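A quick write-up on the structure given underneath.
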Amino acid sequence: MYVEDVDFESIVETAIVNMLEEMDPHSVYIPAEDLQAADEPLNGNFEGVGIQFNIFKDTIMVVSPISGGPSEKLGIMAGDRIVTVDGEMVAGIGVTNKDVQRLLKGPKGTLVTVGIKRGNESDLITFEIIRDKIPIYSVDASFMVTPEIGYIKVNRFAKTTMTEMYSAFLKLKRAGMKDLVLDLQGNGGGMLRTAIQMADEFLSEDKLLVYTEGRMFPRENTRARIPGRFEKGRLVVLIDQGSASASEIVSGAVQDWDRGLIVGRRSFGKGLVQRPVRLTDDSAVRLTVQKYYTPAGRCIQKSYEEGVEEYRKEKYQRFESGELMSMDSLELPDSLKYATRITGRTVYGGGGILPDVFVPLDTTDNSAYFSSILRKGLDSRFALSYVDSLRTELESEFPTEDEFMEKFEVDEAMSADFQEFLTAEGIEWDADGWTRSGNAITLRLKAMIGRNLVEPSTFYRVISGLNESLQKAVTILEDGTFDQSNLAHDTF
């Protein structure tokens, strides 16, 4: 009976989105055109040419070809500039990241021709790239922090995550790893099955890892079932306010079985399990069907009774309440107390995993000057330009990551060049800001240069000096704190 014609499809889509938001914050509708992109991080791959890129001086610059992708196999190199795509000029026209995705991503088996400017060569080099499946890596870095302490950073829980973890375990054990720091800071989760597999690597026999329950689904227990690759060594798991879902399954299982220490800040608090439901038009709903519980019985889903908007603002409220600086601001009534499964230590439910060892958010290096640099990505742009201008010399001087770590320095001359670059980019010189943040700025510069010159994971190896939770973990393992923590880690 409505007075005018309406876009029926749009109205129905809006109705679905709003209906789901009334139910909980994590039940979502995904239109058909967005579904493939939404699934790519979980599948561990996408289809395209396989490069990491940056827009630099209005040109697509290859930061690095992705290992195993078609660009690497053809010999496309870091520092190459993509000038044409299928005969279309893409340099000097205001190209955006979205344009690059449109031009270079595409179905496996399709052809794209790119014209590349390399170094000082006058002519473009033409490459015909057959698009293929490109891996999306879950393990950002794995290296030895000390001669006996290994470190693994995981950014998501995808189909390929455990294969990458197994390789990391093997590499670190060969390097002498006895203790492990598993970094799940900022890891927003992913696949439940992958979280279960990861927890199983640290827990033995048939120990309960997690259980799920929902209105239409009876309780389902999931237990350890395989001999894990790291059931005996000392384990520290790093979490923060960005660690969610699958990250909380792993850290909750480790904590509840007294297997290791959880270090950092309270995790996000997402204890809802979604199941994908495909619709007839190839769109999908990810519908919350269960809640998950840690082995001690904690549901760590934070409250969403005040609605989606308040739920999303909660992470900012943590900063305003002072929680990121001290756990004293948290109300922890007896009703939220639970006991760990072996030693009976007190742990808490009610929203997120609380760390065993709290590490406050470190703001000592913060300044408005540093924030302006990060917000505009100027450290990355300077590093790209620096490496691009001296790549051959730098590769000769620092042929390995170890040599780069040991010998490369951001000296006073480079710092001065960077300060001039910032001024030219509209960042007014701030002597107080440099005094406060200079060490952090130069460390990030080295990390960015390492990422462009050596490999992406070099960034994390360099920047570990600013990872306060990692530094705390190393101290805990070396000063006797871990061994005095009433754990049962050596019974596994």
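Letters A, B, ... go to the chains of the structure tokens in the order shown; residues in each chain start at 1; ligands are counted from 1 in the same order.
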Please list as a PDB file with N, CA and C atoms, in the first residue's frame every residue within 8 Å of Phe143 in chain A, counting only C-alpha atoms and excluding residues in the same chain fewer than 4 positions away.
```pdb
ATOM      1  N   GLY A 150      61.825 -18.866  23.108  1.00  0.00           N
ATOM      2  CA  GLY A 150      61.291 -18.639  21.774  1.00  0.00           C
ATOM      3  C   GLY A 150      60.055 -17.757  21.817  1.00  0.00           C
ATOM      4  N   TYR A 151      59.753 -17.154  20.697  1.00  0.00           N
ATOM      5  CA  TYR A 151      58.623 -16.224  20.599  1.00  0.00           C
ATOM      6  C   TYR A 151      57.874 -16.491  19.303  1.00  0.00           C
ATOM      7  N   ILE A 152      56.543 -16.601  19.395  1.00  0.00           N
ATOM      8  CA  ILE A 152      55.697 -16.764  18.212  1.00  0.00           C
ATOM      9  C   ILE A 152      54.553 -15.768  18.309  1.00  0.00           C
ATOM     10  N   LEU A 172      62.246 -23.139  16.024  1.00  0.00           N
ATOM     11  CA  LEU A 172      62.680 -22.654  17.330  1.00  0.00           C
ATOM     12  C   LEU A 172      63.313 -23.763  18.164  1.00  0.00           C
ATOM     13  N   ARG A 461      60.722  -8.570  15.080  1.00  0.00           N
ATOM     14  CA  ARG A 461      61.953  -8.848  15.815  1.00  0.00           C
ATOM     15  C   ARG A 461      62.581  -7.546  16.313  1.00  0.00           C
TER      16      ARG A 461
END
```
**Request:** Apply DSSP to the backbone of this structure and, from range 203-404 of chain A, keep only the residues in strand (DSSP E or B); write these as number ranges by chain.
**Result:** A: 208-214, 217-223, 235-239, 261-264, 272-278, 284-293, 299, 337-339, 346-348, 357-358
Take the residues from that selection and put them in a file with N, CA and C atoms, as a CSV table (one decimal), in the first residue's frame.
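Written out: result10.csv:
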```
chain,number,residue,atom,x,y,z
A,208,LEU,N,39.9,-31.4,29.2
A,208,LEU,CA,38.9,-30.5,28.6
A,208,LEU,C,39.5,-29.2,28.1
A,209,LEU,N,39.3,-28.9,26.8
A,209,LEU,CA,39.9,-27.6,26.3
A,209,LEU,C,38.8,-26.5,26.3
A,210,VAL,N,37.6,-26.8,25.9
A,210,VAL,CA,36.5,-25.8,25.9
A,210,VAL,C,35.2,-26.6,25.7
A,211,TYR,N,34.1,-26.0,26.2
A,211,TYR,CA,32.9,-26.6,25.9
A,211,TYR,C,31.9,-25.5,25.4
A,212,THR,N,31.0,-26.0,24.5
A,212,THR,CA,30.0,-25.0,23.9
A,212,THR,C,28.6,-25.5,24.3
A,213,GLU,N,27.7,-24.5,24.3
A,213,GLU,CA,26.3,-24.8,24.7
A,213,GLU,C,25.4,-23.7,24.1
A,214,GLY,N,24.2,-24.1,23.6
A,214,GLY,CA,23.3,-23.2,23.1
A,214,GLY,C,21.9,-23.7,23.3
A,217,PHE,N,21.5,-26.5,21.0
A,217,PHE,CA,22.6,-27.4,21.0
A,217,PHE,C,23.0,-27.8,22.4
A,218,PRO,N,23.0,-29.1,22.7
A,218,PRO,CA,23.3,-29.5,24.1
A,218,PRO,C,24.8,-29.3,24.3
A,219,ARG,N,25.2,-29.4,25.5
A,219,ARG,CA,26.7,-29.2,25.9
A,219,ARG,C,27.5,-30.1,25.1
A,220,GLU,N,28.6,-29.6,24.5
A,220,GLU,CA,29.5,-30.4,23.7
A,220,GLU,C,30.9,-30.1,24.2
A,221,ASN,N,31.6,-31.1,24.8
A,221,ASN,CA,32.9,-31.0,25.4
A,221,ASN,C,33.9,-31.3,24.3
A,222,THR,N,35.0,-30.5,24.2
A,222,THR,CA,36.1,-30.8,23.3
A,222,THR,C,37.4,-31.0,24.2
A,223,ARG,N,38.0,-32.1,24.0
A,223,ARG,CA,39.2,-32.5,24.8
A,223,ARG,C,40.4,-32.6,24.0
A,235,LEU,N,55.5,-21.9,29.5
A,235,LEU,CA,54.7,-21.2,28.5
A,235,LEU,C,54.1,-19.9,29.1
A,236,VAL,N,54.3,-18.8,28.4
A,236,VAL,CA,53.7,-17.5,28.7
A,236,VAL,C,52.8,-17.1,27.5
A,237,VAL,N,51.6,-16.7,27.8
A,237,VAL,CA,50.7,-16.3,26.7
A,237,VAL,C,50.4,-14.8,26.9
A,238,LEU,N,50.7,-14.0,25.9
A,238,LEU,CA,50.4,-12.5,26.0
A,238,LEU,C,49.1,-12.2,25.4
A,239,ILE,N,48.3,-11.4,26.1
A,239,ILE,CA,47.0,-11.0,25.7
A,239,ILE,C,46.8,-9.5,26.0
A,261,LEU,N,51.5,-19.0,32.3
A,261,LEU,CA,51.0,-17.7,32.8
A,261,LEU,C,50.5,-16.9,31.7
A,262,ILE,N,49.4,-16.2,32.0
A,262,ILE,CA,48.8,-15.2,31.1
A,262,ILE,C,49.3,-13.8,31.5
A,263,VAL,N,49.9,-13.1,30.6
A,263,VAL,CA,50.5,-11.8,30.9
A,263,VAL,C,49.9,-10.7,30.0
A,264,GLY,N,49.6,-9.6,30.5
A,264,GLY,CA,49.1,-8.5,29.7
A,264,GLY,C,48.0,-7.7,30.4
A,272,LEU,N,30.9,-15.9,22.2
A,272,LEU,CA,29.8,-16.3,21.3
A,272,LEU,C,30.3,-17.0,20.1
A,273,VAL,N,29.7,-18.1,19.7
A,273,VAL,CA,30.1,-18.9,18.6
A,273,VAL,C,29.1,-18.7,17.4
A,274,GLN,N,29.7,-18.3,16.3
A,274,GLN,CA,28.8,-18.1,15.1
A,274,GLN,C,28.9,-19.3,14.1
A,275,ARG,N,27.7,-19.5,13.5
A,275,ARG,CA,27.7,-20.5,12.5
A,275,ARG,C,27.2,-19.9,11.2
A,276,PRO,N,27.9,-20.0,10.1
A,276,PRO,CA,27.5,-19.4,8.8
A,276,PRO,C,26.3,-20.1,8.2
A,277,VAL,N,25.3,-19.3,7.8
A,277,VAL,CA,24.1,-19.9,7.1
A,277,VAL,C,24.0,-19.2,5.8
A,278,ARG,N,24.2,-20.0,4.7
A,278,ARG,CA,24.1,-19.4,3.3
A,278,ARG,C,22.7,-19.2,3.0
A,284,ALA,N,25.0,-14.4,3.2
A,284,ALA,CA,25.1,-15.3,4.3
A,284,ALA,C,24.8,-14.5,5.6
A,285,VAL,N,24.4,-15.3,6.6
A,285,VAL,CA,24.2,-14.8,7.9
A,285,VAL,C,25.2,-15.6,8.8
A,286,ARG,N,26.0,-14.9,9.6
A,286,ARG,CA,26.8,-15.6,10.6
A,286,ARG,C,26.0,-15.4,11.9
A,287,LEU,N,25.4,-16.5,12.3
A,287,LEU,CA,24.4,-16.5,13.4
A,287,LEU,C,25.0,-17.0,14.7
A,288,THR,N,24.8,-16.3,15.8
A,288,THR,CA,25.3,-16.8,17.1
A,288,THR,C,24.4,-18.0,17.5
A,289,VAL,N,25.0,-19.2,17.7
A,289,VAL,CA,24.2,-20.3,18.0
A,289,VAL,C,24.6,-21.0,19.4
A,290,GLN,N,25.8,-20.6,19.9
A,290,GLN,CA,26.3,-21.2,21.1
A,290,GLN,C,27.1,-20.2,21.9
A,291,LYS,N,27.3,-20.4,23.2
A,291,LYS,CA,28.3,-19.7,24.0
A,291,LYS,C,29.4,-20.8,24.3
A,292,TYR,N,30.7,-20.3,24.4
A,292,TYR,CA,31.7,-21.2,24.8
A,292,TYR,C,32.2,-20.9,26.2
A,293,TYR,N,32.7,-21.9,26.8
A,293,TYR,CA,33.1,-21.9,28.2
A,293,TYR,C,34.5,-22.5,28.4
A,299,CYS,N,32.1,-18.5,31.3
A,299,CYS,CA,31.7,-17.9,30.1
A,299,CYS,C,32.3,-16.5,30.1
A,337,LYS,N,34.2,-15.6,40.7
A,337,LYS,CA,35.4,-16.4,41.0
A,337,LYS,C,35.2,-17.8,40.6
A,338,TYR,N,36.3,-18.3,40.0
A,338,TYR,CA,36.3,-19.7,39.6
A,338,TYR,C,37.7,-20.2,40.1
A,339,ALA,N,37.9,-21.6,40.1
A,339,ALA,CA,39.1,-22.2,40.6
A,339,ALA,C,39.7,-22.9,39.4
A,346,THR,N,42.6,-18.9,42.0
A,346,THR,CA,41.4,-18.1,41.7
A,346,THR,C,41.6,-17.4,40.3
A,347,VAL,N,40.6,-17.6,39.5
A,347,VAL,CA,40.5,-16.9,38.2
A,347,VAL,C,39.1,-16.3,38.1
A,348,TYR,N,38.9,-15.4,37.2
A,348,TYR,CA,37.6,-14.7,37.1
A,348,TYR,C,36.9,-14.8,35.8
A,357,VAL,N,49.5,-11.9,35.3
A,357,VAL,CA,50.4,-10.8,35.6
A,357,VAL,C,50.0,-9.7,34.7
A,358,PHE,N,49.6,-8.6,35.4
A,358,PHE,CA,49.1,-7.4,34.6
A,358,PHE,C,50.3,-6.5,34.2
```
For range 419-443 of chain A versus range 397-409 of chain A, which residues have an atom no more than 12 Å away, and what is each residue's nearest atom pair and distance in Å rounded to one decimal, using only C-alpha atoms, chain-then-number order, as JSON lines?
```
{"residue": "A:Asn439", "atom": "CA", "partner": "A:Glu409", "partner_atom": "CA", "distance": 11.8}
{"residue": "A:Thr442", "atom": "CA", "partner": "A:Glu409", "partner_atom": "CA", "distance": 8.8}
{"residue": "A:Leu443", "atom": "CA", "partner": "A:Glu409", "partner_atom": "CA", "distance": 9.0}
```
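The closest residue to Pro360 in chain A, picked from A:Glu320, A:Glu164, A:Glu468, A:Asp479 and counting only C-alpha atoms, is A:Glu468.
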**Item:** Residue contacts of Arg341 in chain A (10 Å, only C-alpha atoms) excluding same-chain residues fewer than 2 positions away, as an MDAnalysis selection string
**Value:** chainID A and resid 207:208 253 255:258 295:296 338:339 343:345 488
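Shortest atom-to-atom contact with Tyr316 in chain A among A:Asn467, A:Gln241, A:Arg451, A:Arg225: A:Gln241, counting only C-alpha atoms.
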**Message:** What parts of range 274-437 of chain A does DSSP call helix (DSSP H, G or I)? I'd like the answer as an NGL selection string.
**Reply:** :A and (308-321 or 327-329 or 334-336 or 368-375 or 378-397 or 401-407 or 412-424 or 431-437)
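Closest approach to Ile82 in chain A among A:Gly115, A:Gly109, A:Pro333, A:Gly465: A:Gly115, based on only C-alpha atoms.
Closest approach to Ile125 in chain A from the set A:Met89, A:Asp411, A:Arg81, A:Ala38 is made by A:Arg81, with distances taken over only C-alpha atoms.
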**Request:** For Thr161 in chain A, list every protein, DNA or RNA residue within 10 Å, evaluated using only C-alpha atoms, and leave out those in the same chain fewer than 4 positions away; present the list as number ranges by chain.
**Result:** A: 42-44, 136-139, 154-157, 165-166, 191, 194-195, 197-198
Filtering to N, CA and C atoms, could you give me those residues as a PDB file, in the first residue's frame?
```pdb
ATOM      1  N   LEU A  42      39.985 -16.243   6.970  1.00  0.00           N
ATOM      2  CA  LEU A  42      39.786 -17.525   7.640  1.00  0.00           C
ATOM      3  C   LEU A  42      40.247 -18.683   6.758  1.00  0.00           C
ATOM      4  N   ASN A  43      40.053 -18.548   5.457  1.00  0.00           N
ATOM      5  CA  ASN A  43      40.485 -19.605   4.551  1.00  0.00           C
ATOM      6  C   ASN A  43      41.999 -19.658   4.417  1.00  0.00           C
ATOM      7  N   GLY A  44      42.657 -18.545   4.751  1.00  0.00           N
ATOM      8  CA  GLY A  44      44.109 -18.513   4.675  1.00  0.00           C
ATOM      9  C   GLY A  44      44.633 -18.251   3.280  1.00  0.00           C
ATOM     10  N   ILE A 136      47.564 -16.252   2.937  1.00  0.00           N
ATOM     11  CA  ILE A 136      47.527 -15.182   3.943  1.00  0.00           C
ATOM     12  C   ILE A 136      48.102 -15.786   5.213  1.00  0.00           C
ATOM     13  N   TYR A 137      49.213 -15.267   5.660  1.00  0.00           N
ATOM     14  CA  TYR A 137      49.912 -15.896   6.779  1.00  0.00           C
ATOM     15  C   TYR A 137      49.332 -15.455   8.122  1.00  0.00           C
ATOM     16  N   SER A 138      49.238 -16.414   9.032  1.00  0.00           N
ATOM     17  CA  SER A 138      48.715 -16.170  10.379  1.00  0.00           C
ATOM     18  C   SER A 138      49.828 -15.913  11.380  1.00  0.00           C
ATOM     19  N   VAL A 139      50.982 -16.511  11.156  1.00  0.00           N
ATOM     20  CA  VAL A 139      52.118 -16.332  12.064  1.00  0.00           C
ATOM     21  C   VAL A 139      52.965 -15.180  11.532  1.00  0.00           C
ATOM     22  N   VAL A 154      50.973 -14.687  16.621  1.00  0.00           N
ATOM     23  CA  VAL A 154      49.896 -15.176  15.754  1.00  0.00           C
ATOM     24  C   VAL A 154      48.857 -14.067  15.612  1.00  0.00           C
ATOM     25  N   ASN A 155      48.487 -13.735  14.368  1.00  0.00           N
ATOM     26  CA  ASN A 155      47.573 -12.607  14.152  1.00  0.00           C
ATOM     27  C   ASN A 155      46.123 -13.011  13.961  1.00  0.00           C
ATOM     28  N   ARG A 156      45.854 -14.287  13.651  1.00  0.00           N
ATOM     29  CA  ARG A 156      44.478 -14.764  13.471  1.00  0.00           C
ATOM     30  C   ARG A 156      44.463 -16.284  13.553  1.00  0.00           C
ATOM     31  N   PHE A 157      43.285 -16.865  13.679  1.00  0.00           N
ATOM     32  CA  PHE A 157      43.126 -18.310  13.705  1.00  0.00           C
ATOM     33  C   PHE A 157      42.417 -18.730  12.421  1.00  0.00           C
ATOM     34  N   MET A 165      52.324 -22.825  12.552  1.00  0.00           N
ATOM     35  CA  MET A 165      52.808 -23.020  13.924  1.00  0.00           C
ATOM     36  C   MET A 165      53.773 -24.191  14.006  1.00  0.00           C
ATOM     37  N   TYR A 166      53.459 -25.284  13.323  1.00  0.00           N
ATOM     38  CA  TYR A 166      54.335 -26.458  13.365  1.00  0.00           C
ATOM     39  C   TYR A 166      55.719 -26.105  12.819  1.00  0.00           C
ATOM     40  N   MET A 191      38.790 -19.142  13.637  1.00  0.00           N
ATOM     41  CA  MET A 191      38.117 -20.435  13.597  1.00  0.00           C
ATOM     42  C   MET A 191      38.236 -21.167  14.938  1.00  0.00           C
ATOM     43  N   THR A 194      40.579 -24.229  14.907  1.00  0.00           N
ATOM     44  CA  THR A 194      42.009 -23.909  14.975  1.00  0.00           C
ATOM     45  C   THR A 194      42.422 -23.582  16.406  1.00  0.00           C
ATOM     46  N   ALA A 195      41.553 -22.876  17.130  1.00  0.00           N
ATOM     47  CA  ALA A 195      41.842 -22.580  18.540  1.00  0.00           C
ATOM     48  C   ALA A 195      41.967 -23.876  19.338  1.00  0.00           C
ATOM     49  N   GLN A 197      42.842 -26.829  18.162  1.00  0.00           N
ATOM     50  CA  GLN A 197      44.093 -27.489  17.771  1.00  0.00           C
ATOM     51  C   GLN A 197      45.294 -26.841  18.455  1.00  0.00           C
ATOM     52  N   MET A 198      45.279 -25.512  18.574  1.00  0.00           N
ATOM     53  CA  MET A 198      46.406 -24.831  19.208  1.00  0.00           C
ATOM     54  C   MET A 198      46.470 -25.161  20.690  1.00  0.00           C
TER      55      MET A 198
END
```
